[in-house]
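Structure data (compact mmCIF, C-alpha atoms) from structure-v1.txt:
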```
# COMPACT_ATOMS: atom_id res chain seq x y z
CA MET A 1 0.00 0.00 0.00
CA THR A 2 1.37 3.43 -1.01
CA GLU A 3 2.22 5.68 1.92
CA THR A 4 2.09 9.47 1.63
CA ALA A 5 5.19 11.30 2.86
CA LEU A 6 4.21 14.83 1.90
CA GLU A 7 0.97 16.48 0.88
CA ALA A 8 0.24 19.97 -0.39
CA ARG A 9 -3.38 21.10 -0.26
CA GLN A 10 -4.65 24.10 -2.24
CA LEU A 11 -1.46 26.11 -1.84
CA PHE A 12 -1.43 29.82 -2.61
CA LYS A 13 1.54 32.16 -2.39
CA VAL A 14 1.06 35.86 -3.08
CA PHE A 15 3.82 38.44 -2.69
CA GLY A 16 2.63 42.00 -2.16
CA ARG A 17 0.76 44.39 0.05
CA ASN A 18 -2.56 42.55 0.32
CA PRO A 19 -1.98 38.82 -0.23
CA ASN A 20 -5.13 37.64 1.58
CA GLN A 21 -7.34 39.83 -0.59
CA ALA A 22 -5.53 38.53 -3.66
CA VAL A 23 -6.25 34.93 -2.63
CA ARG A 24 -9.94 35.67 -2.11
CA ARG A 25 -10.14 37.19 -5.58
CA LEU A 26 -8.30 34.27 -7.15
CA LYS A 27 -10.71 31.85 -5.48
CA ALA A 28 -13.59 33.93 -6.84
CA GLY A 29 -12.33 33.36 -10.36
CA GLU A 30 -10.13 36.35 -11.13
CA SER A 31 -6.95 35.72 -13.09
CA ARG A 32 -3.34 36.23 -12.10
CA SER A 33 -3.20 39.50 -14.03
CA ASP A 34 -6.50 40.74 -12.57
CA ILE A 35 -5.18 40.80 -9.00
CA GLN A 36 -1.85 42.51 -9.61
CA ASP A 37 -3.01 45.59 -7.70
CA ALA A 38 -3.20 43.42 -4.57
CA GLY A 39 -0.05 41.35 -5.14
CA THR A 40 1.88 38.97 -7.38
CA ALA A 41 0.51 35.43 -7.37
CA ALA A 42 3.45 33.02 -7.53
CA VAL A 43 1.50 29.84 -6.71
CA ILE A 44 -2.23 29.37 -7.29
CA ASP A 45 -4.31 26.52 -5.85
CA ALA A 46 -1.57 23.86 -6.08
CA SER A 47 -2.37 20.42 -4.68
CA PHE A 48 -0.35 17.20 -4.88
CA THR A 49 0.87 14.28 -2.81
CA VAL A 50 4.34 12.75 -2.78
CA ASN A 51 4.57 9.05 -2.01
CA ARG A 52 7.23 7.69 0.28
CA GLY A 53 10.30 6.61 -1.67
CA GLU A 54 9.44 8.31 -4.96
CA ILE A 55 11.12 11.07 -6.94
CA PHE A 56 8.45 13.70 -7.58
CA VAL A 57 9.55 16.31 -10.11
CA ILE A 58 8.02 19.77 -10.35
CA MET A 59 8.91 21.38 -13.64
CA GLY A 60 8.08 24.52 -15.56
CA LEU A 61 9.60 27.56 -17.20
CA SER A 62 11.04 30.49 -15.27
CA GLY A 63 8.30 32.30 -13.38
CA SER A 64 5.98 29.28 -13.29
CA GLY A 65 6.15 29.06 -9.49
CA LYS A 66 8.09 25.84 -9.07
CA SER A 67 10.90 27.23 -6.88
CA THR A 68 8.35 29.09 -4.74
CA ILE A 69 6.52 25.83 -4.09
CA ILE A 70 9.61 23.99 -2.88
CA ARG A 71 10.40 26.84 -0.47
CA MET A 72 6.86 26.59 0.89
CA LEU A 73 7.35 22.88 1.53
CA ASN A 74 9.98 23.52 4.20
CA GLY A 75 8.76 26.88 5.45
CA LEU A 76 11.35 29.12 3.78
CA HIS A 77 8.37 30.94 2.25
CA GLU A 78 5.35 31.52 4.44
CA ILE A 79 2.20 29.94 3.04
CA THR A 80 -0.41 32.56 2.12
CA ASP A 81 -3.22 30.00 2.05
CA GLY A 82 -3.52 26.22 2.07
CA SER A 83 -1.52 23.62 3.93
CA VAL A 84 1.56 21.40 3.75
CA VAL A 85 1.64 18.16 5.72
CA ILE A 86 4.99 16.39 6.18
CA ASN A 87 4.93 12.93 7.73
CA GLY A 88 1.62 13.86 9.36
CA ASP A 89 2.80 17.26 10.68
CA GLU A 90 1.19 20.46 9.40
CA ILE A 91 3.81 23.15 8.89
CA ALA A 92 1.57 26.12 8.04
CA GLY A 93 1.20 28.42 11.02
CA VAL A 94 3.47 26.50 13.42
CA SER A 95 5.95 28.29 15.65
CA ALA A 96 9.49 28.97 14.46
CA SER A 97 10.95 26.51 16.94
CA ARG A 98 8.54 23.75 15.86
CA LEU A 99 9.30 24.47 12.21
CA ARG A 100 13.05 24.12 12.86
CA GLU A 101 12.42 20.81 14.59
CA ILE A 102 10.37 19.49 11.65
CA ARG A 103 13.14 20.50 9.24
CA ARG A 104 15.88 18.81 11.27
CA GLN A 105 13.88 15.64 11.67
CA ASN A 106 12.21 15.34 8.26
CA VAL A 107 13.51 17.61 5.50
CA SER A 108 16.89 18.41 3.93
CA MET A 109 17.50 20.72 0.99
CA VAL A 110 20.00 20.76 -1.87
CA PHE A 111 20.37 24.18 -3.52
CA GLN A 112 21.24 25.16 -7.08
CA HIS A 113 24.41 27.03 -6.14
CA PHE A 114 25.64 24.56 -3.53
CA ALA A 115 25.30 26.94 -0.49
CA LEU A 116 28.47 25.53 1.12
CA LEU A 117 30.24 27.24 4.00
CA PRO A 118 33.46 28.46 2.30
CA HIS A 119 35.73 28.47 5.39
CA ARG A 120 34.79 24.97 6.52
CA THR A 121 36.30 21.82 5.12
CA VAL A 122 34.27 19.50 2.94
CA ALA A 123 33.83 17.08 5.84
CA ALA A 124 32.76 19.88 8.17
CA ASN A 125 30.21 21.07 5.61
CA VAL A 126 28.76 17.59 5.33
CA ALA A 127 28.69 17.18 9.12
CA TYR A 128 27.03 20.56 9.72
CA PRO A 129 23.42 19.26 9.97
CA LEU A 130 24.56 16.76 12.60
CA GLU A 131 26.31 19.54 14.48
CA LEU A 132 22.98 21.40 14.63
CA LYS A 133 21.41 18.27 16.07
CA GLY A 134 24.04 18.13 18.82
CA VAL A 135 25.81 14.99 17.58
CA ALA A 136 29.32 14.53 19.02
CA LYS A 137 32.18 15.65 16.76
CA ALA A 138 33.79 12.24 16.28
CA GLU A 139 30.47 10.65 15.39
CA ARG A 140 29.43 13.35 12.94
CA LEU A 141 32.80 13.36 11.15
CA ALA A 142 32.66 9.57 10.86
CA ARG A 143 29.21 9.89 9.29
CA ALA A 144 30.50 12.62 6.96
CA THR A 145 33.32 10.35 5.77
CA GLU A 146 30.86 7.53 5.17
CA VAL A 147 28.55 9.73 3.09
CA LEU A 148 31.42 11.29 1.12
CA ASP A 149 32.47 7.77 0.13
CA MET A 150 28.89 7.14 -0.97
CA VAL A 151 28.87 10.11 -3.38
CA GLY A 152 32.32 9.41 -4.81
CA LEU A 153 34.38 11.93 -2.82
CA THR A 154 36.61 9.58 -0.87
CA GLY A 155 39.69 11.44 0.39
CA TRP A 156 38.34 14.94 -0.20
CA GLY A 157 37.05 15.59 3.32
CA ASP A 158 39.94 17.85 4.39
CA LYS A 159 39.72 20.12 1.33
CA LEU A 160 37.95 23.48 1.19
CA PRO A 161 34.98 23.90 -1.18
CA SER A 162 37.00 26.31 -3.35
CA GLU A 163 39.40 23.48 -4.18
CA LEU A 164 36.62 21.41 -5.76
CA SER A 165 35.00 21.61 -9.19
CA GLY A 166 31.35 22.58 -9.55
CA GLY A 167 30.23 18.99 -9.91
CA MET A 168 32.21 17.96 -6.83
CA GLN A 169 30.75 20.85 -4.83
CA GLN A 170 27.26 19.69 -5.74
CA ARG A 171 28.17 16.20 -4.54
CA VAL A 172 29.10 17.81 -1.22
CA GLY A 173 25.67 19.45 -1.14
CA ILE A 174 24.00 16.08 -1.71
CA ALA A 175 26.25 14.43 0.88
CA ARG A 176 25.28 17.09 3.43
CA ALA A 177 21.59 16.39 2.80
CA LEU A 178 22.18 12.65 3.13
CA ALA A 179 24.19 13.07 6.32
CA ALA A 180 21.20 14.76 7.94
CA ASP A 181 19.44 11.40 7.50
CA THR A 182 16.01 12.92 6.87
CA ASP A 183 13.31 11.05 4.99
CA ILE A 184 12.67 13.86 2.50
CA LEU A 185 15.12 15.65 0.19
CA LEU A 186 14.12 18.89 -1.53
CA MET A 187 16.32 19.62 -4.55
CA ASP A 188 15.91 23.05 -6.16
CA GLU A 189 17.44 23.11 -9.67
CA ALA A 190 20.24 21.09 -8.08
CA PHE A 191 22.07 20.29 -11.33
CA SER A 192 21.23 23.27 -13.55
CA ALA A 193 24.49 25.12 -12.80
CA LEU A 194 26.60 22.18 -14.03
CA ASP A 195 28.06 21.46 -17.44
CA PRO A 196 25.93 19.03 -19.51
CA LEU A 197 28.22 16.00 -19.13
CA ILE A 198 28.62 16.52 -15.37
CA ARG A 199 24.90 17.13 -15.09
CA ARG A 200 24.09 13.80 -16.70
CA GLU A 201 26.60 12.05 -14.45
CA MET A 202 24.96 13.62 -11.38
CA GLN A 203 21.51 12.56 -12.54
CA GLU A 204 22.68 8.98 -12.92
CA GLN A 205 24.37 9.04 -9.52
CA LEU A 206 21.20 10.37 -7.91
CA LEU A 207 19.25 7.43 -9.31
CA GLU A 208 21.91 5.01 -8.05
CA LEU A 209 21.75 6.55 -4.57
CA GLN A 210 17.97 6.48 -4.64
CA GLN A 211 17.98 2.79 -5.49
CA LYS A 212 20.00 2.15 -2.33
CA LEU A 213 18.48 4.68 0.07
CA GLN A 214 14.87 5.01 -1.10
CA LYS A 215 14.50 8.62 0.02
CA THR A 216 11.46 10.75 -0.80
CA ILE A 217 12.69 13.40 -3.23
CA VAL A 218 11.00 16.53 -4.55
CA PHE A 219 13.11 17.73 -7.47
CA ILE A 220 12.68 21.11 -9.19
CA THR A 221 13.82 21.61 -12.78
CA HIS A 222 13.06 23.57 -15.93
CA ASP A 223 14.61 20.85 -18.10
CA LEU A 224 12.05 18.41 -19.48
CA ASN A 225 14.56 15.71 -20.37
CA GLU A 226 15.90 15.86 -16.81
CA ALA A 227 12.37 15.60 -15.44
CA MET A 228 11.61 12.62 -17.67
CA PHE A 229 14.85 10.88 -16.74
CA LEU A 230 14.54 11.33 -12.97
CA GLY A 231 10.87 11.50 -12.14
CA ASP A 232 8.59 8.71 -11.01
CA ARG A 233 5.88 11.34 -11.44
CA ILE A 234 5.98 14.87 -12.80
CA ALA A 235 3.94 17.98 -12.04
CA VAL A 236 3.97 20.52 -14.88
CA MET A 237 3.46 24.16 -13.85
CA ARG A 238 2.39 27.20 -15.83
CA ASP A 239 1.74 30.70 -14.49
CA GLY A 240 1.59 29.52 -10.89
CA ARG A 241 -0.77 26.61 -11.50
CA ILE A 242 -0.18 22.87 -11.83
CA VAL A 243 -1.61 21.91 -15.21
CA GLN A 244 -0.83 18.19 -15.20
CA ILE A 245 0.50 15.49 -12.86
CA GLY A 246 1.46 12.08 -14.19
CA THR A 247 4.22 9.60 -14.95
CA PRO A 248 6.75 10.55 -17.62
CA GLU A 249 4.89 8.25 -20.02
CA ASP A 250 1.54 9.93 -19.17
CA ILE A 251 2.97 13.39 -19.79
CA LEU A 252 4.60 12.33 -23.05
CA THR A 253 1.83 10.23 -24.57
CA ASP A 254 -1.28 11.93 -23.14
CA PRO A 255 -0.58 15.65 -22.57
CA ALA A 256 -3.40 17.43 -20.73
CA ASN A 257 -3.52 20.47 -22.98
CA ASP A 258 -1.82 22.27 -25.85
CA TYR A 259 0.74 23.86 -23.52
CA VAL A 260 1.99 20.49 -22.24
CA GLU A 261 1.89 19.05 -25.76
CA GLN A 262 4.12 21.85 -27.05
CA PHE A 263 6.36 21.47 -24.02
CA VAL A 264 7.03 17.79 -24.68
CA GLN A 265 7.27 17.84 -28.47
CA ASP A 266 11.07 17.94 -28.49
CA VAL A 267 11.67 15.48 -25.67
CA ASP A 268 14.00 12.56 -26.35
CA ARG A 269 11.39 9.79 -26.43
CA ALA A 270 14.04 7.10 -26.70
CA ARG A 271 15.20 7.95 -23.16
CA VAL A 272 11.70 8.07 -21.67
CA LEU A 273 9.52 5.36 -23.19
CA THR A 274 10.21 1.78 -22.19
CA ALA A 275 9.61 -1.59 -23.79
CA SER A 276 6.37 -2.00 -21.84
CA ASN A 277 5.04 1.26 -23.33
CA VAL A 278 5.30 0.11 -26.95
CA MET A 279 5.16 -3.69 -26.90
CA GLU A 280 2.37 -5.56 -28.66
CA ARG A 281 0.60 -8.80 -27.83
CA PRO A 282 2.78 -11.68 -29.01
CA ARG A 283 1.23 -13.85 -31.69
CA PRO A 284 1.56 -16.62 -32.26
CA VAL A 285 2.93 -18.14 -29.06
CA ILE A 286 3.52 -21.86 -29.22
CA ALA A 287 3.05 -24.02 -26.15
CA GLU A 288 6.04 -26.18 -25.28
CA THR A 289 3.76 -29.24 -25.31
CA ALA A 290 2.40 -28.52 -28.80
CA GLY A 291 3.34 -30.65 -31.78
CA PRO A 292 4.81 -29.45 -35.08
CA ARG A 293 1.45 -29.43 -36.90
CA THR A 294 -0.07 -27.13 -34.30
CA ALA A 295 2.97 -24.89 -34.44
CA LEU A 296 2.89 -24.80 -38.23
CA ARG A 297 -0.81 -23.93 -38.36
CA GLN A 298 -0.39 -21.13 -35.83
CA MET A 299 2.52 -19.64 -37.75
CA ARG A 300 0.58 -19.91 -41.01
CA ASP A 301 -2.50 -18.21 -39.57
CA ALA A 302 -0.38 -15.37 -38.18
CA TYR A 303 1.63 -14.97 -41.41
CA MET A 304 4.82 -15.56 -39.43
CA SER A 305 7.83 -17.65 -40.39
CA ALA A 306 8.86 -18.29 -36.78
CA ALA A 307 7.36 -18.11 -33.30
CA TYR A 308 8.32 -18.06 -29.65
CA VAL A 309 7.72 -21.10 -27.44
CA THR A 310 6.66 -20.85 -23.80
CA ASP A 311 6.12 -23.34 -20.99
CA ARG A 312 2.91 -23.74 -18.98
CA ASP A 313 3.86 -20.70 -16.83
CA ARG A 314 4.37 -18.65 -20.02
CA LYS A 315 8.11 -18.46 -19.44
CA LEU A 316 10.07 -18.04 -22.65
CA VAL A 317 11.91 -21.27 -23.46
CA GLY A 318 12.84 -20.99 -27.14
CA MET A 319 11.70 -20.40 -30.71
CA VAL A 320 10.81 -22.53 -33.75
CA THR A 321 10.68 -21.83 -37.49
CA ASP A 322 8.17 -22.95 -40.09
CA ARG A 323 10.87 -24.70 -42.15
CA ASP A 324 11.97 -26.82 -39.19
CA ALA A 325 8.35 -27.62 -38.31
CA ILE A 326 7.69 -28.80 -41.89
CA LYS A 327 10.62 -31.21 -41.64
CA LEU A 328 9.18 -32.73 -38.44
CA VAL A 329 5.73 -33.07 -39.97
CA ARG A 330 7.18 -34.91 -42.98
CA LYS A 331 9.04 -37.25 -40.63
CA GLY A 332 5.87 -37.90 -38.67
CA GLU A 333 7.39 -36.63 -35.41
CA THR A 334 5.15 -35.22 -32.71
CA GLN A 335 7.47 -33.21 -30.41
CA LEU A 336 9.10 -29.80 -30.91
CA ALA A 337 12.13 -30.38 -28.70
CA SER A 338 14.49 -31.38 -31.51
CA ILE A 339 13.93 -28.16 -33.46
CA MET A 340 13.74 -25.75 -30.54
CA ARG A 341 16.24 -22.94 -30.90
CA PRO A 342 17.43 -20.66 -28.10
CA VAL A 343 16.03 -17.13 -28.10
CA PRO A 344 18.94 -14.94 -29.20
CA LEU A 345 17.67 -11.78 -27.54
CA ALA A 346 15.02 -10.77 -25.02
CA VAL A 347 14.62 -7.49 -23.14
CA SER A 348 13.00 -6.53 -19.86
CA GLU A 349 9.79 -4.51 -19.69
CA ASP A 350 11.53 -1.49 -18.15
CA GLU A 351 14.33 -1.21 -20.73
CA ILE A 352 14.31 2.22 -22.40
CA LEU A 353 13.85 2.39 -26.16
CA MET A 354 17.30 3.85 -26.69
CA ASN A 355 18.76 0.46 -25.73
CA LEU A 356 16.50 -1.56 -28.03
CA PHE A 357 17.71 -0.57 -31.51
CA VAL A 358 20.64 -2.98 -31.75
CA PRO A 359 18.72 -5.94 -30.24
CA ALA A 360 15.77 -5.23 -32.58
CA VAL A 361 18.03 -5.24 -35.65
CA GLU A 362 19.76 -8.46 -34.58
CA SER A 363 16.61 -10.36 -33.58
CA PRO A 364 15.14 -12.67 -36.28
CA LEU A 365 11.70 -12.22 -34.71
CA PRO A 366 9.94 -9.22 -33.20
CA LEU A 367 11.96 -8.48 -30.08
CA ALA A 368 10.76 -10.55 -27.10
CA VAL A 369 9.83 -8.65 -23.92
CA THR A 370 9.85 -10.50 -20.60
CA ASP A 371 8.94 -9.64 -17.03
CA SER A 372 11.11 -10.16 -13.95
CA ALA A 373 10.10 -13.85 -13.82
CA GLY A 374 11.10 -14.49 -17.44
CA ARG A 375 7.50 -14.66 -18.70
CA LEU A 376 6.83 -13.49 -22.24
CA THR A 377 4.66 -10.37 -21.92
CA GLY A 378 4.94 -8.85 -25.37
CA VAL A 379 6.94 -8.34 -28.54
CA ILE A 380 8.27 -5.28 -30.32
CA PRO A 381 8.43 -5.42 -34.11
CA ARG A 382 10.99 -3.08 -35.65
CA VAL A 383 8.19 -1.12 -37.32
CA THR A 384 6.59 -0.51 -33.91
CA LEU A 385 9.87 0.66 -32.43
CA LEU A 386 10.31 3.18 -35.24
CA ALA A 387 6.70 4.34 -35.03
CA ALA A 388 6.98 4.92 -31.26
CA LEU A 389 9.71 7.49 -31.86
CA GLY A 390 7.56 9.27 -34.43
CA PRO A 391 8.38 9.74 -38.12
CA GLY A 392 9.61 13.07 -39.37
CA PRO A 393 6.97 15.57 -40.50
CA ASN A 394 7.90 15.14 -44.18
CA SER A 395 8.31 11.40 -44.11
CA THR A 396 6.63 9.51 -46.97
CA GLU A 397 8.28 6.14 -46.46
CA GLU A 398 5.93 3.18 -46.33
CA ILE A 399 6.85 0.27 -44.11
CA THR A 400 5.81 -3.21 -45.23
CA LEU A 401 5.97 -6.54 -43.48
CA PRO A 402 8.27 -9.21 -44.93
CA HIS A 403 6.72 -12.02 -46.95
CA LEU A 404 6.41 -15.46 -45.40
CA PRO A 405 9.56 -17.38 -46.45
CA VAL A 406 7.63 -20.64 -46.92
CA PRO A 407 4.60 -20.11 -49.22
CA GLN A 408 1.26 -20.87 -47.58
CA ALA A 409 0.35 -23.28 -50.35
CA GLU A 410 3.38 -25.41 -49.49
CA ILE A 411 2.50 -25.40 -45.79
CA ASP A 412 -1.11 -26.37 -46.59
CA ALA A 413 0.09 -29.22 -48.80
CA VAL A 414 2.38 -30.55 -46.07
CA LEU A 415 -0.37 -30.39 -43.46
CA ASP A 416 -2.94 -32.03 -45.75
CA ALA A 417 -0.57 -34.84 -46.66
CA ALA A 418 0.35 -35.43 -43.05
CA ALA A 419 -3.29 -35.49 -42.01
CA GLN A 420 -4.19 -38.46 -44.24
CA PRO A 421 -2.59 -41.27 -42.19
CA ALA A 422 -3.26 -39.50 -38.92
CA GLN A 423 -7.05 -39.51 -39.16
CA ALA A 424 -7.36 -42.97 -37.67
CA SER A 425 -5.39 -41.94 -34.60
CA ALA A 426 -6.96 -38.56 -33.91
CA THR A 427 -7.23 -39.35 -30.19
CA GLU A 428 -3.52 -38.94 -29.48
CA GLY A 429 -4.10 -35.85 -27.44
CA GLU A 430 -3.42 -32.95 -29.81
CA VAL A 431 -3.96 -31.89 -33.37
CA ARG A 432 -0.50 -32.31 -34.80
```
What's the structure tokens form of this structure?
Amino acid sequence: MTETALEARQLFKVFGRNPNQAVRRLKAGESRSDIQDAGTAAVIDASFTVNRGEIFVIMGLSGSGKSTIIRMLNGLHEITDGSVVINGDEIAGVSASRLREIRRQNVSMVFQHFALLPHRTVAANVAYPLELKGVAKAERLARATEVLDMVGLTGWGDKLPSELSGGMQQRVGIARALAADTDILLMDEAFSALDPLIRREMQEQLLELQQKLQKTIVFITHDLNEAMFLGDRIAVMRDGRIVQIGTPEDILTDPANDYVEQFVQDVDRARVLTASNVMERPRPVIAETAGPRTALRQMRDAYMSAAYVTDRDRKLVGMVTDRDAIKLVRKGETQLASIMRPVPLAVSEDEILMNLFVPAVESPLPLAVTDSAGRLTGVIPRVTLLAALGPGPNSTEEITLPHLPVPQAEIDAVLDAAAQPAQASATEGEVR
């Protein structure tokens, strides 16, 4: 059962001289521009939940309100209206001392520009949250060393932040948040100040850390590809409002409106969509206990020259071809075992499309897709893989399926000839 770690309910944030009046007018239906005389509405009626252990990405262009929201989640910005509940604790309207306690116990933050203390060593920066909690020096430095190892900064603890590159300084920021050992990490444009290659490396490392630690992460970005790569779910913001919340696949394949559709049109689909998003129902699928006649008929009916074979639990065990099945029928054999070939390639359901091109080209059949138990759940023909990425706007190429290598007339003749002597023994248990 999914457990909620953080919930925002009808959040409003208005900067200006009369924020409460501005909220009342917004609730009455006035627009963001209508209430400018009362204040500037940064966040308007935003509601969402973040599940424990997920990466929830809030994305939007500059001025959309995303950074304001994350500062409301830990009380850096006072909430004009609405509520934020963290691990069951409401933070709106609590005392300053109670808010500090909630932060220390539940929430850590990683900033865009690192926010490191320049005159403290790297280890001392990482240990700082534990110092605020009153942890003894030896214990907090030991924890800092442990976390620095975790983020790939072994041996850098005695350096000053100025001696580190930008990417390394951001690792220190992440290590500091991890050292605090809170359940929730808030990351505000954490990688946007980094060079593209370092940024990608940091994104991958964050996912590796998340796989081990299973933190609850709220991640702010203006980069759609980053959001798609990192997010379990994504909230898209525009002009202070959340216009859509969904998985990366939801956002990409079913945009809520024209704004989201335009936003996602240039996204790298090959890095977002997975095998499970584009796979088709496999047909035919031959049972391991079937005979060659059954296999041949199923391949003929599906206009396929080969087919996958599964056991009674639908686990993928091999493949057979129509030519090999014809040979068995002519010999009068009733088992497929002698012609079963190993499956050259199969991919998992969560494999991204970018990694499927080479396997799809090398596979003699539509690419097999299996679940974690090895069960055949779908196939991906090359034509489907290409279509999922979308043809160019001026494309006129037609894609046709290959012809069946063995003509149907030849298959029919083989089956008819084999059926003549078999009619007297039709009770053998299967139609061969």
Show me, as a list in words, the residues that have an atom within 6 Å of stretch 374-376 of chain A when counting all atoms listed in the file, minus same-chain residues fewer than 6 positions from it. Arg314, Lys315 and Leu316 of chain A
Two-atom distance - atom CA of A:Arg238, atom CA of A:Gly60 (Å):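 Computing the Euclidean distance for atom CA of A:Arg238 and atom CA of A:Gly60 yields 6.3 Å.
For the pair atom CA of A:Glu351 and atom CA of A:Ser276, the separation is 8.1 Å.
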Taking all atoms listed in the file into account, name the residue in A:Ala290, A:Met59, A:Val236, A:Ala138 that is nearest to A:Val260. A:Val236
Counting all atoms listed in the file, note down every residue that has an atom within 9 Å of the point (0.2, -12.6, -39.8) (file coordinates), as a list in words.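 Those residues, ordered by chain and then number, are Arg283, Pro284, Met299, Arg300, Asp301, Ala302, Tyr303, Met304 and Leu404 of chain A.
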So how far away is atom CA of A:Val126 from atom CA of A:Val147, in Å?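 It comes out at 8.2 Å.
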Would you list the contacts of stretch 36-43 of chain A as a VMD selection string, taking every protein, DNA or RNA residue within 10 Å and counting all atoms listed in the file, but skipping same-chain residues closer than 3 positions in sequence? chain A and resid 10 to 23 25 to 26 31 to 33 46 63 to 69 72 79 to 81 237 to 242
With all atoms listed in the file as the counted atoms, please give the residues lying no more than 9 Å from A:Glu3, apart from itself and same-chain residues fewer than 6 positions off, as a ChimeraX atom specification. /A:50-53
Store the residues picked out above in a file with C-alpha atoms, as an mmCIF file, in the coordinates of the input.
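Written file, again_39.cif:
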```cif
data_model
loop_
_atom_site.group_PDB
_atom_site.id
_atom_site.type_symbol
_atom_site.label_atom_id
_atom_site.label_comp_id
_atom_site.auth_asym_id
_atom_site.auth_seq_id
_atom_site.Cartn_x
_atom_site.Cartn_y
_atom_site.Cartn_z
ATOM 1 C CA VAL A 50 4.340 12.750 -2.780
ATOM 2 C CA ASN A 51 4.570 9.050 -2.010
ATOM 3 C CA ARG A 52 7.230 7.690 0.280
ATOM 4 C CA GLY A 53 10.300 6.610 -1.670
#
```
For stretch 2-15 of chain A, where the input has fewer atoms than it should, I would like N, CA and C atoms rebuilt and written as a PDB file, in the frame of the given file.
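The resulting out.pdb:
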```pdb
ATOM      1  N   THR A   2       0.575   2.213  -0.899  1.00  0.00           N
ATOM      2  CA  THR A   2       1.370   3.430  -1.010  1.00  0.00           C
ATOM      3  C   THR A   2       1.164   4.319   0.205  1.00  0.00           C
ATOM      4  N   GLU A   3       2.274   4.814   0.749  1.00  0.00           N
ATOM      5  CA  GLU A   3       2.220   5.680   1.920  1.00  0.00           C
ATOM      6  C   GLU A   3       2.614   7.099   1.516  1.00  0.00           C
ATOM      7  N   THR A   4       1.833   8.076   1.962  1.00  0.00           N
ATOM      8  CA  THR A   4       2.090   9.470   1.630  1.00  0.00           C
ATOM      9  C   THR A   4       3.123  10.050   2.589  1.00  0.00           C
ATOM     10  N   ALA A   5       4.170  10.654   2.031  1.00  0.00           N
ATOM     11  CA  ALA A   5       5.190  11.300   2.860  1.00  0.00           C
ATOM     12  C   ALA A   5       4.948  12.795   2.982  1.00  0.00           C
ATOM     13  N   LEU A   6       4.403  13.381   1.919  1.00  0.00           N
ATOM     14  CA  LEU A   6       4.210  14.830   1.900  1.00  0.00           C
ATOM     15  C   LEU A   6       2.951  15.138   1.101  1.00  0.00           C
ATOM     16  N   GLU A   7       2.182  16.095   1.589  1.00  0.00           N
ATOM     17  CA  GLU A   7       0.970  16.480   0.880  1.00  0.00           C
ATOM     18  C   GLU A   7       0.808  17.991   0.899  1.00  0.00           C
ATOM     19  N   ALA A   8       0.552  18.546  -0.259  1.00  0.00           N
ATOM     20  CA  ALA A   8       0.240  19.970  -0.390  1.00  0.00           C
ATOM     21  C   ALA A   8      -1.230  20.099  -0.758  1.00  0.00           C
ATOM     22  N   ARG A   9      -1.936  20.955  -0.047  1.00  0.00           N
ATOM     23  CA  ARG A   9      -3.380  21.100  -0.260  1.00  0.00           C
ATOM     24  C   ARG A   9      -3.712  22.556  -0.583  1.00  0.00           C
ATOM     25  N   GLN A  10      -4.153  22.791  -1.797  1.00  0.00           N
ATOM     26  CA  GLN A  10      -4.650  24.100  -2.240  1.00  0.00           C
ATOM     27  C   GLN A  10      -3.726  25.235  -1.815  1.00  0.00           C
ATOM     28  N   LEU A  11      -2.465  25.113  -2.226  1.00  0.00           N
ATOM     29  CA  LEU A  11      -1.460  26.110  -1.840  1.00  0.00           C
ATOM     30  C   LEU A  11      -1.580  27.382  -2.670  1.00  0.00           C
ATOM     31  N   PHE A  12      -1.517  28.515  -1.968  1.00  0.00           N
ATOM     32  CA  PHE A  12      -1.430  29.820  -2.610  1.00  0.00           C
ATOM     33  C   PHE A  12      -0.236  30.558  -1.997  1.00  0.00           C
ATOM     34  N   LYS A  13       0.504  31.249  -2.866  1.00  0.00           N
ATOM     35  CA  LYS A  13       1.540  32.160  -2.390  1.00  0.00           C
ATOM     36  C   LYS A  13       1.450  33.442  -3.188  1.00  0.00           C
ATOM     37  N   VAL A  14       1.159  34.541  -2.461  1.00  0.00           N
ATOM     38  CA  VAL A  14       1.060  35.860  -3.080  1.00  0.00           C
ATOM     39  C   VAL A  14       2.049  36.783  -2.401  1.00  0.00           C
ATOM     40  N   PHE A  15       2.906  37.424  -3.203  1.00  0.00           N
ATOM     41  CA  PHE A  15       3.820  38.440  -2.690  1.00  0.00           C
ATOM     42  C   PHE A  15       3.191  39.819  -2.946  1.00  0.00           C
TER      43      PHE A  15
END
```
